[in-house]
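Chemist: First, the structure itself, so that you have it in front of you.
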Amino acid sequence: MKKLFVLGALAAMLASGTALADTSGKKIAFSNNYAGNSWRQAMLDSYGIVTKKAVADKVVGAADIFTTADKEVPTQAAQVQNLILQGYDAIVINAASPDALNGAIKQACDAGITVVSFDGTVTEPCAYRVVVDFKDMGKQEVEQMAKFQPKGGNLLEIRGLAGTSIDDAIHAGILEGVAAHPEFKIVGSVTGDWDQTTAQKAVATILPSLPDVVGIVDQGGDGYGAAQAFAAAGKPRPTIIMGNRQDELQWWKEQKDKDGYKTWSASIAPGVSSLAFWVAQQVLDGRTDIPHDLLVPYLAFTQDDFEAELPKIVKGGVASHEYTQEDAIAAIKANIK
Amino acid sequence: MRREMTAASLEATTKSSAERGALARARLLRGLLPALSLALVLLAIAWLNPRAISYFGFSLMLNLAIPIALATIAQMFVIAGNELDLSIGTFVGFVGCVTATWLKDAPLIGVLILLGSIGVYALLGALIHLRNLPSIVVTLGMSFVWQGLAILVLPKPGGKAPDWLLAFMAFKPPLVPFPIIAALLIGLIVHFGLMRTSYGVILRGSGGNPAALGRAGWSLLKTKIVLFALAGLFGVLSGMALIGITTSADANIGNGYTLLAIAGVILGGGEFVGGRVSPIGAVIGALTLALAASPLLTFMHIPPDWQVAANGAILIIVLAARVLISRRER
C-alpha cells in the first residue's frame, strides 16, 4: 500500500513536470553587455525585482548581475568565461553579438552550465533563446486596425531601425496582416528608427504626398511623433497603433478623454529578462522538455487597461512587466505543442 | 643623466661606474615591475576565487589575453619607433572578418589579403616617414578605413573560423595551459629579435635617437617600414587568434584593442619617448590588463550600477602603481 502511494506521488510529480530537482542551491548569473538606455535600465530593474524575491524565497541560491564596461564582444566573452570559473549553474545573457560569443557560450555549455539568451540572442545551438514574437505583433496590429476601421482604407507604415531582425519580423507580420485584410492598402512607408523625433520628421516629409490615411501601423517609439506630424499638418487624426511608451499612452489618454479615441498598443517588455531568468530556473529544475527556441508573447494594452498602466511608467520610459514562474511555465507549455 | 640616449652602446660609454650601478638597479626594478603587478592581480584573484587558480581556470581566464598580448606587441613596435597606432583595434577587427570568411572559404585569397594588409602597414610607415606626417592622424584615419573594410567583408555578424585555427587555439598541452605557453613564446621570440639582435638595436635606436642613427648611415625609412610591417604582422596574428577563440566574427570585435594595447605597452615598462620598450613586459602588461579588467572585476561582486566605473578605476590603479614606482628611477 505504502509502495503504491510512493509510486503514485512519483507519477504525480512526473506528470506535473515541475519541481523535479531542488534549485534552492543553484546560482544564476546575468551577463549584460550594455546599460546605457531607458529600455536596458528597465530591463535591469525588472530582473533585479524578480530575482531578489526569488533569492529571498529560496527558489534559487544567488542571482547576480554583471554588466560589461563597453559594448565589445571580447569583453563579454571574457566575462562569460569568468562566470564559468565562478561556478554558476546558469547564465542568463543579453549578448553583444549573435555569433561572435558562440565560442564562450559553447565553453559554458561544455562545463555543464545552462545558458539562456534573450533580446540579444545567441546562435550557438546549446543555448536557449527567448524570442519575442514580433511577427505576430505586426500581424496583430492590422487585426486590431480592422476592428477600429471596419471599412478599411489607406495605411501608413513606420519602419524601425533598418537592417535589424526586429524591423524585419514586424514588417513581415504587417504584410501578412494586410494580405489577410484586403480592405487595407499600405500607401506609404517611412523609417522612424523607433524614435519619436525621427518618426515625426519622416512622417511630416511624406504627408503632403499621401492620399487620406485611416491608420498608421508602426513599431513602437514612433506613434507620438506621427501624431505630432499629423497635428502640425492640420490633417485628420488617423488610428495610430502605439508602442507602450509613456508619451504615447499619455497622448492616447488625452485623445480618449476628448472624444473617445480608440487604438491599441504593443511592444516588447523589458521585463522579458525576468522571463529568461525563470526559464533558466526551470532548466535547472531538471526539465528536459524545454525547446531551445522559445517564442514568447509581447506586452499589449487595449482601450480598457492602458490607463491603469500609465501612472506606473516613469516619464520618458516604457511599460514593463515582471514575469512570474507561472508565466514562464505557461510560455514553455505553449512552445512545446 | 642623458636619458634620451637609448641605444645601449652609447649609454654605457658615457657613465661612471657608480652611475651605472644605480641605473642598473633602477632598470631591474622597472623590469620586475610588470611581473610584480601581474603577481598582485593573480593574488587578488586567488583570494577572491581559489577555484580560478587551476589548469582549467588559467585556460579560461587567459585565452582571450593572447590576442590582446599580440595586439600589444604590434603597438609596441610602433611605439618603439616613437609613433602611435590608433588603428590597431579596427585592424584586428578587419583581420578577424577576413579570417572568418575568406581564409576559410578561399584560403589562398585569404592569405593574400592578409599579406596585402601587412603591406599596407609597411606603406603607412613609409608614408609617415617620407611626408613627416603625425602618425596619430594617419592611423586615426586608417582606423575608419579598416572599420569600413571590415563591414564590407562581413556586413552582419557571422562567419566561421577555419577548422585548423579552431583546433590550434583549443590545443590542450599537458600540465601548463596553452595561453601561458603562448604568452611565453610570444614574449621570448620578440625579446630575442628586438633586444638581442643587432638589427633590433637599430630598430629601437631609430625611435630613441633617430638623428644619431641617420648620421651613422642607417636608413630611417627602412627601419620605419620594418617597424610598421612588424606591427601589421602581429596585428594579423592577433585577429586570427581572436577569431580562433570566439569561433565567429563581428566587424566591431577588435575596437577596444587600440587603447588596451597602448595601456599594455605602458604597463609593461614601455614609454612614449621611443626606443624604450620591453617585449616581455608588454606581454605581461597585456595579461595583467586582461585579468584586472575582467576576472578580477567579476569575482569582486560589485553592484551592477558601479561595475563600469570600477573597471575604469582598476585600470587607473594598476597604471598609477606603475608610474609611482618607476618615478623612483629618476
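Each chain in the C-alpha cells gets a letter, A, B, ..., in the order shown, and its residues are numbered from 1; ligands are numbered from 1 in order too.
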Excluding B:Phe299 and residues on its chain fewer than 2 positions from it, collect all residues at most 7 Å away from it, counting only C-alpha atoms, and give them as a list in words.

Modeler: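 Here the qualifying residues turn out to be Leu48, Asn49, Pro295, Leu296, Leu297 and His301 of chain B.
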
Chemist: Find the residues of chain B in contact range of chain A, meaning any atom within 7 Å when counting only C-alpha atoms, and list them as a PDB file with N, CA and C atoms, in the first residue's frame.

Modeler:
```
ATOM      1  N   ARG B  51      39.125  28.753  -6.925  1.00  0.00           N
ATOM      2  CA  ARG B  51      38.838  27.806  -7.998  1.00  0.00           C
ATOM      3  C   ARG B  51      39.482  28.227  -9.321  1.00  0.00           C
ATOM      4  N   ALA B  52      39.699  29.549  -9.475  1.00  0.00           N
ATOM      5  CA  ALA B  52      40.226  30.055 -10.742  1.00  0.00           C
ATOM      6  C   ALA B  52      41.695  29.691 -10.930  1.00  0.00           C
ATOM      7  N   GLY B  57      41.097  26.953 -14.992  1.00  0.00           N
ATOM      8  CA  GLY B  57      40.885  28.374 -14.713  1.00  0.00           C
ATOM      9  C   GLY B  57      41.791  29.256 -15.551  1.00  0.00           C
ATOM     10  N   LEU B  60      40.829  29.373 -19.205  1.00  0.00           N
ATOM     11  CA  LEU B  60      39.673  30.226 -19.479  1.00  0.00           C
ATOM     12  C   LEU B  60      39.998  31.704 -19.303  1.00  0.00           C
ATOM     13  N   MET B  61      40.678  32.030 -18.200  1.00  0.00           N
ATOM     14  CA  MET B  61      40.905  33.447 -17.897  1.00  0.00           C
ATOM     15  C   MET B  61      41.873  34.084 -18.874  1.00  0.00           C
ATOM     16  N   LEU B  64      41.648  34.744 -23.801  1.00  0.00           N
ATOM     17  CA  LEU B  64      41.350  35.990 -24.519  1.00  0.00           C
ATOM     18  C   LEU B  64      42.444  37.042 -24.317  1.00  0.00           C
ATOM     19  N   PRO B 157      27.157  40.252 -38.263  1.00  0.00           N
ATOM     20  CA  PRO B 157      27.978  39.298 -37.523  1.00  0.00           C
ATOM     21  C   PRO B 157      27.792  37.877 -38.044  1.00  0.00           C
ATOM     22  N   GLY B 158      28.867  37.111 -38.064  1.00  0.00           N
ATOM     23  CA  GLY B 158      28.756  35.737 -38.523  1.00  0.00           C
ATOM     24  C   GLY B 158      30.088  35.214 -39.000  1.00  0.00           C
ATOM     25  N   ILE B 245      39.391  31.873 -31.038  1.00  0.00           N
ATOM     26  CA  ILE B 245      38.758  31.685 -29.725  1.00  0.00           C
ATOM     27  C   ILE B 245      37.250  31.924 -29.801  1.00  0.00           C
ATOM     28  N   THR B 246      36.846  33.031 -30.470  1.00  0.00           N
ATOM     29  CA  THR B 246      35.412  33.343 -30.488  1.00  0.00           C
ATOM     30  C   THR B 246      34.656  32.489 -31.503  1.00  0.00           C
ATOM     31  N   THR B 247      35.339  31.858 -32.426  1.00  0.00           N
ATOM     32  CA  THR B 247      34.820  30.984 -33.483  1.00  0.00           C
ATOM     33  C   THR B 247      34.085  31.734 -34.595  1.00  0.00           C
ATOM     34  N   SER B 248      33.657  32.959 -34.328  1.00  0.00           N
ATOM     35  CA  SER B 248      32.866  33.676 -35.314  1.00  0.00           C
ATOM     36  C   SER B 248      33.184  35.160 -35.179  1.00  0.00           C
ATOM     37  N   ALA B 249      32.971  35.941 -36.241  1.00  0.00           N
ATOM     38  CA  ALA B 249      33.451  37.321 -36.215  1.00  0.00           C
ATOM     39  C   ALA B 249      32.322  38.337 -36.178  1.00  0.00           C
ATOM     40  N   ASP B 250      32.725  39.585 -35.955  1.00  0.00           N
ATOM     41  CA  ASP B 250      31.820  40.724 -35.859  1.00  0.00           C
ATOM     42  C   ASP B 250      32.701  41.901 -36.266  1.00  0.00           C
ATOM     43  N   ILE B 253      34.569  43.712 -33.529  1.00  0.00           N
ATOM     44  CA  ILE B 253      35.094  42.843 -32.472  1.00  0.00           C
ATOM     45  C   ILE B 253      36.376  43.371 -31.835  1.00  0.00           C
ATOM     46  N   GLY B 256      37.985  47.675 -29.045  1.00  0.00           N
ATOM     47  CA  GLY B 256      38.525  48.018 -27.737  1.00  0.00           C
ATOM     48  C   GLY B 256      40.026  47.812 -27.622  1.00  0.00           C
ATOM     49  N   SER B 294      38.690  41.995 -16.369  1.00  0.00           N
ATOM     50  CA  SER B 294      37.527  41.119 -16.396  1.00  0.00           C
ATOM     51  C   SER B 294      37.393  40.143 -15.221  1.00  0.00           C
ATOM     52  N   PRO B 295      38.314  39.170 -15.064  1.00  0.00           N
ATOM     53  CA  PRO B 295      38.092  38.205 -13.978  1.00  0.00           C
ATOM     54  C   PRO B 295      38.035  38.868 -12.607  1.00  0.00           C
ATOM     55  N   THR B 298      34.765  40.572 -12.136  1.00  0.00           N
ATOM     56  CA  THR B 298      33.651  39.639 -11.990  1.00  0.00           C
ATOM     57  C   THR B 298      33.655  38.999 -10.612  1.00  0.00           C
ATOM     58  N   PRO B 304      25.838  46.097  -9.915  1.00  0.00           N
ATOM     59  CA  PRO B 304      25.874  46.338 -11.362  1.00  0.00           C
ATOM     60  C   PRO B 304      26.022  47.813 -11.736  1.00  0.00           C
ATOM     61  N   GLN B 307      29.767  48.688 -11.768  1.00  0.00           N
ATOM     62  CA  GLN B 307      30.757  47.844 -12.435  1.00  0.00           C
ATOM     63  C   GLN B 307      31.536  48.574 -13.511  1.00  0.00           C
ATOM     64  N   VAL B 308      30.827  49.382 -14.298  1.00  0.00           N
ATOM     65  CA  VAL B 308      31.501  50.058 -15.403  1.00  0.00           C
ATOM     66  C   VAL B 308      32.563  51.008 -14.854  1.00  0.00           C
ATOM     67  N   ASN B 311      35.584  49.130 -13.384  1.00  0.00           N
ATOM     68  CA  ASN B 311      36.508  48.660 -14.417  1.00  0.00           C
ATOM     69  C   ASN B 311      37.549  49.729 -14.715  1.00  0.00           C
TER      70      ASN B 311
END
```

Chemist: Give me every helix (DSSP H, G or I) residue in stretch 11-208 of chain A, going by DSSP on the backbone, as a VMD selection string.

Modeler: chain A and resid 11 to 16 38 to 56 73 to 85 102 to 110 134 to 148 165 to 180 196 to 208

Chemist: B:Leu315, B:Leu28, B:Thr197, B:Ala182: which is nearest B:Phe168, counting only C-alpha atoms?

Modeler: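 Nearest candidate to B:Phe168 out of B:Leu315, B:Leu28, B:Thr197, B:Ala182: B:Ala182.
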
Chemist: Extract, using only C-alpha atoms, all DNA, RNA and protein residues at most 9 Å from B:Ile284, discarding same-chain residues fewer than 2 positions from it, and format them as a ChimeraX atom specification.

Modeler: /B:34-35,37-38,69,183,187,264,267-268,279-282,286-289

Chemist: Name the closest residue to B:Arg27 among the candidates B:Gly270, B:Gly81, B:Pro303, B:Gly208; distances are taken between atoms, counting only C-alpha atoms.

Modeler: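 Ranked by minimum distance to B:Arg27, first place goes to B:Gly270.
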
Chemist: With distances taken over only C-alpha atoms, which of B:Ala126, B:Ala100, B:Val111, B:Met240 is nearest to B:Phe228?

Modeler: B:Ala126

Chemist: Quick check, in Å to one decimal: how far apart do atom CA of B:Leu36 and atom CA of B:Gly269 lie?

Modeler: 11.7 Å
